[in-house]
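So this one's entry_31.cif, mmCIF, C-alpha atoms and all ligand atoms:
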data_run
#
loop_
_atom_site.label_atom_id
_atom_site.label_comp_id
_atom_site.auth_asym_id
_atom_site.auth_seq_id
_atom_site.Cartn_x
_atom_site.Cartn_y
_atom_site.Cartn_z
CA MET L 1 12.34 -40.23 7.68
CA ILE L 2 10.66 -36.89 8.17
CA TYR L 3 8.37 -36.75 11.19
CA TYR L 4 5.50 -34.22 11.43
CA SER L 5 6.45 -32.43 14.64
CA ASP L 6 10.16 -32.41 13.81
CA TYR L 7 9.51 -30.91 10.40
CA LEU L 8 7.40 -28.11 11.90
CA GLU L 9 9.64 -27.80 14.97
CA LEU L 10 6.52 -27.84 17.07
CA ASP L 11 8.54 -28.40 20.22
CA LYS L 12 9.81 -24.80 19.81
CA VAL L 13 6.59 -23.26 18.56
CA LEU L 14 4.32 -24.86 21.14
CA SER L 15 6.60 -24.25 24.08
CA ALA L 16 6.87 -20.52 23.41
CA GLN L 17 3.82 -19.36 25.41
CA HIS L 18 4.65 -18.18 28.91
CA PRO L 19 2.06 -15.79 30.35
CA GLU L 20 3.58 -13.09 32.56
CA SER L 21 0.51 -13.28 34.81
CA ASP L 22 1.35 -16.95 35.55
CA LYS L 23 4.90 -15.97 36.44
CA ALA L 24 3.53 -13.33 38.81
CA GLY L 25 1.31 -15.93 40.47
CA GLN L 26 -1.87 -14.13 39.30
CA PRO L 27 -2.92 -16.20 36.26
CA ALA L 28 -5.12 -14.29 33.81
CA HIS L 29 -6.98 -16.68 31.51
CA ASP L 30 -6.97 -14.36 28.44
CA GLU L 31 -3.23 -13.80 28.32
CA MET L 32 -2.82 -17.08 26.39
CA LEU L 33 -5.08 -15.73 23.63
CA PHE L 34 -3.11 -12.47 23.68
CA ILE L 35 0.21 -14.27 23.22
CA ILE L 36 -0.98 -16.70 20.55
CA THR L 37 -2.67 -13.90 18.59
CA HIS L 38 0.55 -11.89 18.52
CA GLN L 39 2.59 -14.92 17.57
CA THR L 40 0.33 -15.86 14.67
CA PHE L 41 0.39 -12.24 13.45
CA GLU L 42 4.18 -12.33 13.52
CA LEU L 43 4.24 -15.62 11.60
CA TRP L 44 2.03 -14.14 8.90
CA PHE L 45 4.20 -11.00 8.79
CA LYS L 46 7.08 -13.36 8.05
CA GLN L 47 5.19 -14.91 5.14
CA VAL L 48 4.21 -11.47 3.79
CA LEU L 49 7.84 -10.36 3.88
CA PHE L 50 8.88 -13.56 2.13
CA GLU L 51 6.39 -12.88 -0.67
CA MET L 52 7.31 -9.20 -0.89
CA ARG L 53 11.01 -9.89 -1.27
CA SER L 54 10.33 -12.28 -4.12
CA VAL L 55 8.04 -9.75 -5.83
CA ILE L 56 10.73 -7.06 -5.49
CA ALA L 57 13.36 -9.38 -6.98
CA LEU L 58 11.06 -10.19 -9.90
CA PHE L 59 10.44 -6.52 -10.73
CA HIS L 60 13.83 -5.04 -9.98
CA ARG L 61 15.42 -5.93 -13.31
CA ASP L 62 16.07 -4.21 -16.62
CA TYR L 63 13.55 -6.46 -18.34
CA VAL L 64 10.68 -8.29 -16.65
CA PRO L 65 9.39 -11.17 -18.84
CA GLU L 66 5.63 -11.55 -19.13
CA ALA L 67 5.69 -14.87 -17.23
CA ASP L 68 7.33 -13.17 -14.27
CA VAL L 69 4.73 -10.41 -14.22
CA PHE L 70 2.13 -13.17 -13.74
CA LEU L 71 4.22 -14.89 -11.09
CA ALA L 72 4.64 -11.62 -9.17
CA LEU L 73 0.92 -10.99 -9.54
CA SER L 74 0.04 -14.35 -7.97
CA ARG L 75 2.31 -13.55 -5.01
CA LEU L 76 0.89 -10.06 -4.61
CA ARG L 77 -2.59 -11.55 -4.59
CA ARG L 78 -1.57 -14.07 -1.95
CA THR L 79 -0.12 -11.25 0.14
CA ASN L 80 -3.37 -9.36 -0.17
CA ARG L 81 -5.38 -12.36 1.01
CA ILE L 82 -3.05 -12.69 4.03
CA MET L 83 -3.40 -8.99 4.86
CA GLU L 84 -7.16 -9.26 4.54
CA HIS L 85 -7.11 -12.26 6.85
CA LEU L 86 -4.96 -10.33 9.36
CA ALA L 87 -7.35 -7.39 9.43
CA GLU L 88 -10.16 -9.90 10.07
CA GLN L 89 -8.15 -11.64 12.75
CA PHE L 90 -8.67 -8.77 15.19
CA THR L 91 -12.13 -10.22 15.82
CA LEU L 92 -10.37 -13.04 17.73
CA ILE L 93 -8.64 -10.75 20.18
CA GLU L 94 -11.85 -8.76 20.49
CA THR L 95 -13.42 -11.78 22.22
CA MET L 96 -11.33 -10.57 25.18
CA THR L 97 -13.12 -7.82 27.09
CA PRO L 98 -11.30 -4.62 28.20
CA GLY L 99 -11.80 -5.85 31.77
CA ASP L 100 -10.12 -9.20 30.99
CA PHE L 101 -7.23 -7.29 29.43
CA MET L 102 -6.86 -5.15 32.56
CA GLU L 103 -6.14 -8.38 34.49
CA PHE L 104 -2.71 -8.70 32.89
CA ARG L 105 -1.94 -5.43 31.04
CA ALA L 106 0.25 -4.09 33.85
CA PHE L 107 2.54 -7.14 33.57
CA LEU L 108 3.40 -6.24 29.95
CA ASN L 109 4.76 -2.75 30.57
CA PRO L 110 6.78 -1.37 28.69
CA ALA L 111 6.55 -3.99 25.91
CA SER L 112 4.37 -3.05 22.92
CA GLY L 113 3.65 -3.98 19.28
CA PHE L 114 5.52 -0.71 18.73
CA GLN L 115 8.63 -2.87 19.10
CA SER L 116 7.64 -5.32 16.35
CA VAL L 117 10.75 -5.49 14.19
CA GLN L 118 8.97 -7.37 11.42
CA TRP L 119 6.28 -4.69 11.19
CA ARG L 120 8.99 -2.04 10.79
CA VAL L 121 10.77 -4.19 8.22
CA LEU L 122 7.50 -4.56 6.35
CA GLU L 123 6.78 -0.81 6.38
CA ARG L 124 10.24 -0.07 5.05
CA THR L 125 10.22 -2.94 2.54
CA LEU L 126 6.99 -1.65 1.03
CA GLY L 127 8.62 1.78 0.78
CA LEU L 128 7.16 3.91 3.56
CA ARG L 129 9.04 7.22 3.53
CA GLU L 130 10.62 8.15 6.84
CA GLU L 131 9.39 11.76 6.55
CA ARG L 132 5.81 10.50 6.39
CA ARG L 133 6.01 8.77 9.76
CA VAL L 134 3.95 10.16 12.58
CA LEU L 135 6.70 9.28 15.09
CA ARG L 136 10.14 9.56 13.52
CA ALA L 137 11.92 8.29 16.63
CA TYR L 138 10.26 4.84 16.45
CA THR L 139 13.61 3.05 16.39
CA ASP L 140 14.41 4.37 19.90
CA ALA L 141 11.95 1.79 21.24
CA LEU L 142 14.01 -1.07 19.79
CA ALA L 143 16.87 -2.93 21.42
CA GLU L 144 20.18 -2.13 19.74
CA GLN L 145 20.41 -5.59 18.21
CA HIS L 146 16.92 -5.18 16.68
CA ARG L 147 17.80 -1.76 15.30
CA ALA L 148 20.76 -3.34 13.53
CA GLU L 149 18.55 -6.20 12.27
CA LEU L 150 16.01 -3.71 10.95
CA ASP L 151 18.66 -1.73 9.07
CA ALA L 152 20.25 -4.87 7.65
CA ALA L 153 16.89 -6.30 6.54
CA THR L 154 15.91 -3.09 4.77
CA ALA L 155 19.15 -2.07 3.09
CA GLY L 156 17.91 -3.27 -0.33
CA THR L 157 15.33 -2.13 -2.84
CA THR L 158 11.81 -1.36 -1.70
CA LEU L 159 8.62 -2.48 -3.44
CA PHE L 160 7.97 1.16 -4.33
CA ASP L 161 11.38 1.49 -6.03
CA ALA L 162 11.01 -1.81 -7.88
CA ILE L 163 7.55 -0.90 -9.21
CA GLU L 164 8.72 2.57 -10.17
CA ARG L 165 11.65 1.10 -12.09
CA TRP L 166 9.45 -1.46 -13.86
CA LEU L 167 6.94 1.23 -14.87
CA GLY L 168 9.71 3.60 -15.96
CA ALA L 169 10.95 0.97 -18.42
CA MET L 170 7.51 0.49 -20.02
CA PRO L 171 7.87 0.24 -23.83
CA PHE L 172 5.01 1.10 -26.24
CA MET L 173 4.59 4.70 -25.11
CA GLU L 174 6.22 6.21 -28.19
CA SER L 175 6.29 5.25 -31.83
CA GLY L 176 7.07 7.47 -34.86
CA ASP L 177 5.09 10.68 -34.37
CA PHE L 178 3.06 9.22 -31.51
CA THR L 179 3.91 10.17 -27.94
CA PHE L 180 1.35 8.82 -25.51
CA TRP L 181 1.12 11.74 -23.14
CA GLN L 182 0.86 14.33 -25.90
CA ALA L 183 -1.89 12.38 -27.67
CA TYR L 184 -3.67 11.92 -24.33
CA ARG L 185 -3.30 15.61 -23.52
CA SER L 186 -4.86 16.63 -26.88
CA ALA L 187 -7.71 14.17 -26.34
CA VAL L 188 -8.34 15.54 -22.86
CA ALA L 189 -8.26 19.14 -24.17
CA ALA L 190 -10.78 18.19 -26.91
CA MET L 191 -13.02 16.55 -24.28
CA PHE L 192 -13.04 19.70 -22.14
CA GLU L 193 -13.61 21.90 -25.21
CA HIS L 194 -16.61 19.74 -26.08
CA ASP L 195 -17.90 20.15 -22.49
CA ARG L 196 -17.49 23.94 -22.77
CA ASP L 197 -19.45 24.01 -26.04
CA GLU L 198 -22.26 22.08 -24.39
CA VAL L 199 -22.33 24.44 -21.39
CA ARG L 200 -22.41 27.52 -23.64
CA THR L 201 -25.15 26.07 -25.89
CA LEU L 202 -27.29 25.16 -22.89
CA ALA L 203 -26.72 28.55 -21.24
CA ALA L 204 -27.69 30.36 -24.45
CA ALA L 205 -30.84 28.23 -24.82
CA GLU L 206 -31.89 28.71 -21.21
CA GLY L 207 -30.66 32.31 -20.92
CA HIS L 208 -28.38 31.87 -17.87
CA ASP L 209 -24.76 32.81 -17.14
CA PRO L 210 -22.32 29.95 -17.99
CA SER L 211 -19.28 31.45 -16.21
CA GLU L 212 -19.50 29.33 -13.05
CA ALA L 213 -19.80 26.05 -14.98
CA LEU L 214 -16.99 27.14 -17.33
CA ALA L 215 -14.73 27.99 -14.39
CA GLN L 216 -15.38 24.48 -13.02
CA ILE L 217 -14.32 22.93 -16.34
CA ASP L 218 -11.17 25.11 -16.36
CA ALA L 219 -10.33 23.89 -12.87
CA ASN L 220 -10.86 20.24 -13.87
CA GLU L 221 -8.65 20.71 -16.91
CA ALA L 222 -5.96 22.45 -14.86
CA GLY L 223 -5.93 19.38 -12.58
CA PHE L 224 -4.59 17.33 -15.51
CA ASP L 225 -1.55 19.61 -15.76
CA ALA L 226 -0.29 17.95 -12.59
CA ILE L 227 0.76 15.08 -14.83
CA PHE L 228 1.05 16.70 -18.29
CA SER L 229 3.26 19.63 -17.36
CA GLU L 230 6.78 18.69 -16.38
CA PRO L 231 7.44 21.84 -14.28
CA GLN L 232 4.16 21.38 -12.40
CA TYR L 233 4.95 17.74 -11.77
CA THR L 234 8.42 18.63 -10.47
CA ASP L 235 6.88 21.27 -8.22
CA LEU L 236 4.42 18.72 -6.76
CA GLN L 237 7.31 16.33 -6.21
CA SER L 238 9.33 18.96 -4.38
CA ARG L 239 6.33 19.60 -2.11
CA GLY L 240 6.01 15.85 -1.39
CA LEU L 241 2.63 15.68 -3.16
CA ARG L 242 3.89 13.25 -5.76
CA ARG L 243 6.68 10.79 -5.25
CA MET L 244 6.90 8.55 -8.27
CA SER L 245 8.91 9.74 -11.29
CA ARG L 246 6.78 11.38 -13.98
CA ASN L 247 7.75 8.68 -16.48
CA ALA L 248 6.56 5.95 -14.14
CA SER L 249 3.30 7.81 -13.44
CA LEU L 250 2.67 8.28 -17.15
CA ALA L 251 3.35 4.59 -17.75
CA ALA L 252 0.82 3.71 -15.04
CA LEU L 253 -1.69 6.03 -16.74
CA PHE L 254 -0.94 4.40 -20.10
CA ILE L 255 -1.52 0.93 -18.62
CA SER L 256 -4.80 2.08 -17.04
CA ALA L 257 -6.02 3.80 -20.20
CA TYR L 258 -5.30 0.76 -22.42
CA ARG L 259 -5.92 -1.90 -19.76
CA HIS L 260 -8.03 -4.04 -22.13
CA GLU L 261 -5.13 -4.59 -24.55
CA PRO L 262 -3.96 -8.19 -24.04
CA LEU L 263 -0.35 -7.45 -23.06
CA LEU L 264 -1.41 -4.72 -20.61
CA GLN L 265 -3.90 -6.84 -18.72
CA ALA L 266 -1.33 -8.38 -16.36
CA PRO L 267 0.45 -5.03 -15.71
CA TYR L 268 -2.93 -3.49 -14.96
CA GLN L 269 -3.73 -6.28 -12.51
CA VAL L 270 -0.36 -5.65 -10.84
CA LEU L 271 -1.18 -1.95 -10.35
CA ASP L 272 -4.58 -2.92 -9.02
CA ALA L 273 -3.02 -5.41 -6.58
CA ILE L 274 -0.51 -2.82 -5.32
CA ILE L 275 -3.30 -0.30 -4.72
CA GLU L 276 -5.20 -3.02 -2.87
CA LEU L 277 -2.14 -3.89 -0.79
CA ASP L 278 -1.77 -0.24 0.28
CA ARG L 279 -5.46 -0.19 1.20
CA LEU L 280 -5.17 -3.45 3.17
CA VAL L 281 -2.17 -2.20 5.17
CA SER L 282 -4.29 0.85 6.07
CA LEU L 283 -7.21 -1.43 6.86
CA TRP L 284 -4.95 -3.42 9.20
CA ARG L 285 -3.93 -0.17 10.92
CA TYR L 286 -7.54 0.95 11.18
CA ARG L 287 -8.80 -2.37 12.60
CA HIS L 288 -5.94 -2.40 15.11
CA THR L 289 -6.73 1.22 16.07
CA MET L 290 -10.43 0.46 16.60
CA MET L 291 -9.60 -2.58 18.70
CA VAL L 292 -7.11 -0.55 20.77
CA SER L 293 -9.61 2.24 21.46
CA ARG L 294 -12.05 -0.35 22.83
CA MET L 295 -9.39 -2.05 24.95
CA ILE L 296 -7.65 0.95 26.48
CA GLY L 297 -9.83 3.95 25.62
CA MET L 298 -7.77 7.12 25.55
CA ARG L 299 -4.94 5.80 27.74
CA VAL L 300 -1.36 6.07 26.49
CA GLY L 301 0.16 2.89 25.00
CA THR L 302 2.58 0.63 26.85
CA GLY L 303 5.06 1.69 24.14
CA GLY L 304 4.71 5.30 25.32
CA SER L 305 2.75 6.75 22.37
CA SER L 306 -0.54 8.63 22.76
CA GLY L 307 -2.24 5.31 21.88
CA HIS L 308 -5.45 5.64 19.84
CA ASP L 309 -4.61 9.12 18.52
CA TYR L 310 -1.18 8.10 17.31
CA LEU L 311 -2.48 4.94 15.66
CA MET L 312 -5.29 6.82 13.90
CA GLN L 313 -2.77 9.29 12.48
CA THR L 314 -0.60 6.47 11.12
CA THR L 315 -3.67 5.07 9.36
CA VAL L 316 -4.32 8.34 7.58
CA ARG L 317 -0.79 9.58 6.92
CA GLN L 318 1.37 6.57 6.27
CA ARG L 319 0.08 5.52 2.86
CA ILE L 320 2.76 4.47 0.40
CA PHE L 321 1.29 4.21 -3.08
CA ASP L 322 -0.80 7.43 -3.27
CA ASP L 323 0.69 8.08 -6.70
CA LEU L 324 -1.06 4.99 -8.05
CA THR L 325 -4.28 5.38 -6.07
CA SER L 326 -4.71 8.97 -7.25
CA LEU L 327 -4.22 8.06 -10.93
CA SER L 328 -7.98 7.85 -11.27
CA SER L 329 -7.96 11.69 -11.25
CA PHE L 330 -6.46 11.50 -14.74
CA LEU L 331 -8.68 8.85 -16.27
CA VAL L 332 -11.17 9.70 -18.99
CA PRO L 333 -13.97 7.62 -20.59
CA SER L 334 -12.66 5.08 -23.12
CA ALA L 335 -14.41 6.91 -25.97
CA VAL L 336 -12.02 9.83 -25.31
CA VAL L 337 -8.81 7.75 -25.04
CA PRO L 338 -6.80 8.28 -28.25
CA ALA L 339 -6.49 5.29 -30.59
CA LEU L 340 -3.09 3.63 -30.53
CA PRO L 341 -0.96 3.68 -33.69
CA ALA L 342 -1.36 0.37 -35.56
CA ASP L 343 2.19 -0.85 -34.81
CA ILE L 344 1.78 -0.40 -31.04
CA ALA L 345 -1.72 -1.92 -31.07
CA ARG L 346 -0.27 -4.95 -32.91
CA ARG L 347 2.59 -5.37 -30.46
CA LEU L 348 0.13 -5.40 -27.58
CA GLN L 349 -1.58 -8.57 -28.84
CA PHE L 350 -0.51 -11.95 -27.43
CA VAL L 351 -0.42 -13.57 -30.85
CA ASN L 352 2.35 -11.26 -32.05
CA GLU L 353 4.50 -12.16 -29.11
CA ALA L 354 4.09 -15.85 -29.95
CA ARG L 355 5.07 -15.21 -33.57
CA GLY L 356 7.68 -12.62 -32.75
C1 LIG V 1 -5.24 -5.81 23.49
C2 LIG V 1 -4.61 -5.79 22.35
C3 LIG V 1 -3.72 -4.66 21.89
C4 LIG V 1 -3.57 -3.42 22.39
C5 LIG V 1 -4.27 -2.78 23.59
C6 LIG V 1 -2.58 -2.75 21.58
C7 LIG V 1 -2.16 -1.44 21.78
C8 LIG V 1 -1.24 -0.80 21.01
C9 LIG V 1 -0.86 0.58 21.17
C10 LIG V 1 -1.42 1.52 22.21
C11 LIG V 1 0.07 0.85 20.24
C12 LIG V 1 0.80 2.19 20.02
C13 LIG V 1 2.18 2.11 20.54
C14 LIG V 1 2.21 2.19 22.05
O1 LIG V 1 2.26 3.29 22.57
O2 LIG V 1 2.20 1.11 22.67
C15 LIG V 1 0.28 -0.35 19.47
C16 LIG V 1 1.15 -0.46 18.43
C17 LIG V 1 1.29 -1.59 17.66
N1 LIG V 1 0.65 -2.81 17.87
FE1 LIG V 1 -0.80 -3.18 19.19
N2 LIG V 1 -2.19 -3.59 20.59
C18 LIG V 1 -2.86 -4.78 20.75
C19 LIG V 1 -2.76 -5.89 19.94
C20 LIG V 1 -1.89 -6.01 18.89
C21 LIG V 1 -1.75 -7.19 18.09
C22 LIG V 1 -2.57 -8.49 18.20
C23 LIG V 1 -0.77 -6.94 17.18
C24 LIG V 1 -0.27 -7.91 16.17
C25 LIG V 1 1.01 -8.08 15.93
C26 LIG V 1 -0.29 -5.59 17.42
C27 LIG V 1 0.72 -4.97 16.74
C28 LIG V 1 1.09 -3.66 16.89
C29 LIG V 1 2.03 -2.99 16.03
C30 LIG V 1 2.75 -3.59 14.82
C31 LIG V 1 2.15 -1.70 16.50
C32 LIG V 1 3.00 -0.58 15.92
C33 LIG V 1 2.10 0.30 15.05
C34 LIG V 1 2.79 1.55 14.52
O3 LIG V 1 3.62 2.14 15.22
O4 LIG V 1 2.47 1.92 13.39
N3 LIG V 1 -1.01 -5.06 18.47
N4 LIG V 1 -0.55 -1.34 19.94
#
Would it be possible to restate this file's structure as structure tokens?
Amino acid sequence: MIYYSDYLELDKVLSAQHPESDKAGQPAHDEMLFIITHQTFELWFKQVLFEMRSVIALFHRDYVPEADVFLALSRLRRTNRIMEHLAEQFTLIETMTPGDFMEFRAFLNPASGFQSVQWRVLERTLGLREERRVLRAYTDALAEQHRAELDAATAGTTLFDAIERWLGAMPFMESGDFTFWQAYRSAVAAMFEHDRDEVRTLAAAEGHDPSEALAQIDANEAGFDAIFSEPQYTDLQSRGLRRMSRNASLAALFISAYRHEPLLQAPYQVLDAIIELDRLVSLWRYRHTMMVSRMIGMRVGTGGSSGHDYLMQTTVRQRIFDDLTSLSSFLVPSAVVPALPADIARRLQFVNEARG
């Protein structure tokens, strides 16, 4: 018969809090909160990793059935709620004052969240590029056994790779004479031409020089070449300004442009959830950074980093899915989006799938 505390192994979980200040004979009341907060964070990191690995497995296939897109979406959404909860959870540790923290901080040296293996596994599993890291030598802080665990746990596909592969395999983007990006490019060019006509007409009517406004339109239009022109895209990739393959980026743009089509609604929600996940990881970093600056001011961390400065830089620099977040630069009003050829429009309806 299963028994509650055996099932949850509470004997292990609840006997794993041993304040260093107690051991030193100088008990500091708030160290219990400090330990339990870290432990609950680590437990939630474990759940997030569990969800992420399943999402990666669902997407990292030649063909992802519609039902699995929904399943992955539900797990991404759960992950996002956990990450949101974790960012919130810093309010608990903030009930400890900097003075209370001082009572036991010295006993923790040189341990630090910098040595959290699960956090490193999570960063890598999501697809953080090593060259983007503020401190490239972060693994030096880990015990050898943990370095090996980190490498073993992150030898597989990342969420970034899985999503890129899934997007790259997106059907519907070509049919007969229709090629999505060329049709989109013509529609965008027509939109800017229309804007130019309006500027010229207004300038003529009001008798002022249109050149500044026209130059602005030219610059806006040139911005679209980042995705329309293959050489420009490759150049941006080589400078680290875009990471995702052009095909995958165009598929993400296609999904965003036709997001109301029934079969694209779930893929669009997936993109939205990934963008939210990236934002929530940054939010976690930011909340942690703010809490740290209150607790230790400008002191260096017990892990040996510059502390607040280092953490702030990771918040700004270590984003993973910029390619998706920045897609909004290439969106246009729906009235400008080119109509889909009838055969593609038909294939994007649920009813056809049921009949098909
Ligand atoms: C009083 C509370 C805390 C303080 C003063 C603090 C301070 C710091 C500092 C200064 C760093 C930078 C590395 C270093 O030099 O040590 C760091 C990193 C880190 N801390 Fe905390 N921390 C606190 C609470 C937490 C909590 C509750 C967690 C939850 C697990 C956490 C997780 C991490 C992680 C994962 C890193 C690595 C971040 C990175 O390198 O991107 N910290 N912490």
Pick out the residues no farther than 7 Å from ligand LIG 1 (chain V), counting all atoms listed in the file, and list them as a ChimeraX atom specification.
/L:34,37-38,41-42,90,93,101,112-116,119,288,291-292,295-296,300-308,310-311,314
Can you tell me, as a list of chain:residue names, what residues are no more than 7 Å from Ile255 (chain L) when counting all atoms listed in the file, ignoring any on the same chain fewer than 2 positions away?
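Within the cut-off, the hits are L:Ala251, L:Ala252, L:Leu253, L:Ala257, L:Tyr258, L:Arg259, L:Leu264, L:Pro267, L:Tyr268.
CA of Arg285 (chain L) is positioned 13.1 Å from CA of His85 (chain L).
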Name the residues in contact with Ser245 (chain L) at a cut-off of 8 Å, using all atoms listed in the file, excluding same-chain residues fewer than 3 positions from it; report them as a VMD selection string.
chain L and resid 164 168 248 to 249
Proximity of region 86-155 of chain L to region 232-242 of chain L: per-residue shortest pair, 12 Å limit, all atoms listed in the file, as CSV:
residue,atom,partner,partner_atom,distance
L:Arg129,CA,L:Gly240,CA,10.4
L:Glu131,CA,L:Gly240,CA,9.5
L:Arg132,CA,L:Gly240,CA,9.4
What does the distance from CA of Gln118 (chain L) to CA of Phe45 (chain L) come to in Å, to one decimal?
6.5 Å
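One distance worth recording is that between CA of Ala342 (chain L) and CA of Val69 (chain L), which is 24.7 Å.
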Around (-3.2, 11.1, -11.7) in the file's frame, which residues reach within 12 Å when counting only C-alpha atoms? Return as a count of residues only?
34
Under the rule that all atoms listed in the file are counted, which of L:Leu340, L:Ala57, L:Ala213, L:Arg75 is the nearest residue to Ala183 (chain L)?
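That would be L:Leu340, the residue with the smallest distance to Ala183 (chain L).
The nearest approach to Glu144 (chain L) among the residues L:Val117, L:Leu202, L:Ile2, L:Met298, with all atoms listed in the file taken into account, belongs to L:Val117.
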Can you list every residue of region 97-214 of chain L that has an atom at most 9 Å from region 16-27 of chain L, with its nearest atom pair and the distance in Å to one decimal, using all atoms listed in the file, ordered by chain then number, as a tab-separated table?
residue	atom	partner	partner_atom	distance
L:Glu103	CA	L:Ser21	CA	8.3
L:Phe104	CA	L:Ser21	CA	5.9
L:Phe107	CA	L:Glu20	CA	6.1
L:Leu108	CA	L:Glu20	CA	7.3
Counting all atoms listed in the file, the option among L:Leu71, L:Ile217, L:Ala335, L:Met173 closest to Glu193 (chain L)
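Checking each of L:Leu71, L:Ile217, L:Ala335, L:Met173 against Glu193 (chain L), counting all atoms listed in the file, the winner is L:Ile217.
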Residue nearest Ala106 (chain L) - candidates L:Ala189, L:Val336, L:Ala28, L:His194, atoms counted: all atoms listed in the file:
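Using all atoms listed in the file, Ala106 (chain L) sits closest to L:Ala28.
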Which of these, L:Leu58, L:Leu122, L:Ala266, L:Pro110, has the shortest distance to Lys46 (chain L) once you count all atoms listed in the file?
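For Lys46 (chain L), the nearest of the candidates is L:Leu122.
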Do a neighbour search on Arg200 (chain L) at 7 Å with only C-alpha atoms, toss out local chain neighbours closer than 4 positions, and write the hits as a list in words.
Arg196, Ala204 and Pro210 of chain L
Go through L:Leu126, L:Val121, L:Asp100, L:Leu167 and flag the residue nearest Val270 (chain L), using all atoms listed in the file for the distances.
L:Leu167
Report as JSON, numbers by chain all protein, DNA and RNA residues lying within 7 Å of Ala87 (chain L), evaluated on all atoms listed in the file, omitting residues in the same chain fewer than 6 positions from it.
{"L": [283, 284, 287]}
Mind working out the centre and edge lengths of an axis-aligned box for region 279-298 of chain L, all listed atoms inside, 8 Å added to each side, rounded to one decimal in Å and written as lines of an AutoDock Vina configuration file?
center_x = -7.1
center_y = 1.8
center_z = 13.8
size_x = 25.9
size_y = 26.6
size_z = 41.3
Your completed region 210-224 of chain L with N, CA and C atoms, as a PDB file, in the coordinates of the input:
ATOM      1  N   PRO L 210     -23.082  31.218 -18.033  1.00  0.00           N
ATOM      2  CA  PRO L 210     -22.320  29.950 -17.990  1.00  0.00           C
ATOM      3  C   PRO L 210     -21.001  30.060 -17.212  1.00  0.00           C
ATOM      4  N   SER L 211     -20.660  31.271 -16.698  1.00  0.00           N
ATOM      5  CA  SER L 211     -19.280  31.450 -16.210  1.00  0.00           C
ATOM      6  C   SER L 211     -18.897  30.510 -15.063  1.00  0.00           C
ATOM      7  N   GLU L 212     -19.855  30.218 -14.175  1.00  0.00           N
ATOM      8  CA  GLU L 212     -19.500  29.330 -13.050  1.00  0.00           C
ATOM      9  C   GLU L 212     -19.179  27.915 -13.550  1.00  0.00           C
ATOM     10  N   ALA L 213     -20.021  27.407 -14.441  1.00  0.00           N
ATOM     11  CA  ALA L 213     -19.800  26.050 -14.980  1.00  0.00           C
ATOM     12  C   ALA L 213     -18.504  26.003 -15.784  1.00  0.00           C
ATOM     13  N   LEU L 214     -18.231  27.106 -16.522  1.00  0.00           N
ATOM     14  CA  LEU L 214     -16.990  27.140 -17.330  1.00  0.00           C
ATOM     15  C   LEU L 214     -15.758  27.165 -16.432  1.00  0.00           C
ATOM     16  N   ALA L 215     -15.865  27.911 -15.328  1.00  0.00           N
ATOM     17  CA  ALA L 215     -14.730  27.990 -14.390  1.00  0.00           C
ATOM     18  C   ALA L 215     -14.456  26.602 -13.803  1.00  0.00           C
ATOM     19  N   GLN L 216     -15.524  25.846 -13.559  1.00  0.00           N
ATOM     20  CA  GLN L 216     -15.380  24.480 -13.020  1.00  0.00           C
ATOM     21  C   GLN L 216     -14.642  23.583 -14.021  1.00  0.00           C
ATOM     22  N   ILE L 217     -14.998  23.733 -15.294  1.00  0.00           N
ATOM     23  CA  ILE L 217     -14.320  22.930 -16.340  1.00  0.00           C
ATOM     24  C   ILE L 217     -12.844  23.323 -16.409  1.00  0.00           C
ATOM     25  N   ASP L 218     -12.576  24.644 -16.335  1.00  0.00           N
ATOM     26  CA  ASP L 218     -11.170  25.110 -16.360  1.00  0.00           C
ATOM     27  C   ASP L 218     -10.387  24.478 -15.210  1.00  0.00           C
ATOM     28  N   ALA L 219     -11.028  24.437 -14.037  1.00  0.00           N
ATOM     29  CA  ALA L 219     -10.330  23.890 -12.870  1.00  0.00           C
ATOM     30  C   ALA L 219     -10.063  22.395 -13.068  1.00  0.00           C
ATOM     31  N   ASN L 220     -11.057  21.679 -13.609  1.00  0.00           N
ATOM     32  CA  ASN L 220     -10.860  20.240 -13.870  1.00  0.00           C
ATOM     33  C   ASN L 220      -9.724  20.016 -14.851  1.00  0.00           C
ATOM     34  N   GLU L 221      -9.695  20.861 -15.887  1.00  0.00           N
ATOM     35  CA  GLU L 221      -8.650  20.710 -16.910  1.00  0.00           C
ATOM     36  C   GLU L 221      -7.271  21.021 -16.317  1.00  0.00           C
ATOM     37  N   ALA L 222      -7.235  22.066 -15.486  1.00  0.00           N
ATOM     38  CA  ALA L 222      -5.960  22.450 -14.860  1.00  0.00           C
ATOM     39  C   ALA L 222      -5.417  21.302 -14.003  1.00  0.00           C
ATOM     40  N   GLY L 223      -6.338  20.518 -13.405  1.00  0.00           N
ATOM     41  CA  GLY L 223      -5.930  19.380 -12.580  1.00  0.00           C
ATOM     42  C   GLY L 223      -5.063  18.390 -13.372  1.00  0.00           C
ATOM     43  N   PHE L 224      -5.340  18.266 -14.680  1.00  0.00           N
ATOM     44  CA  PHE L 224      -4.590  17.330 -15.510  1.00  0.00           C
ATOM     45  C   PHE L 224      -3.142  17.789 -15.720  1.00  0.00           C
TER      46      PHE L 224
END
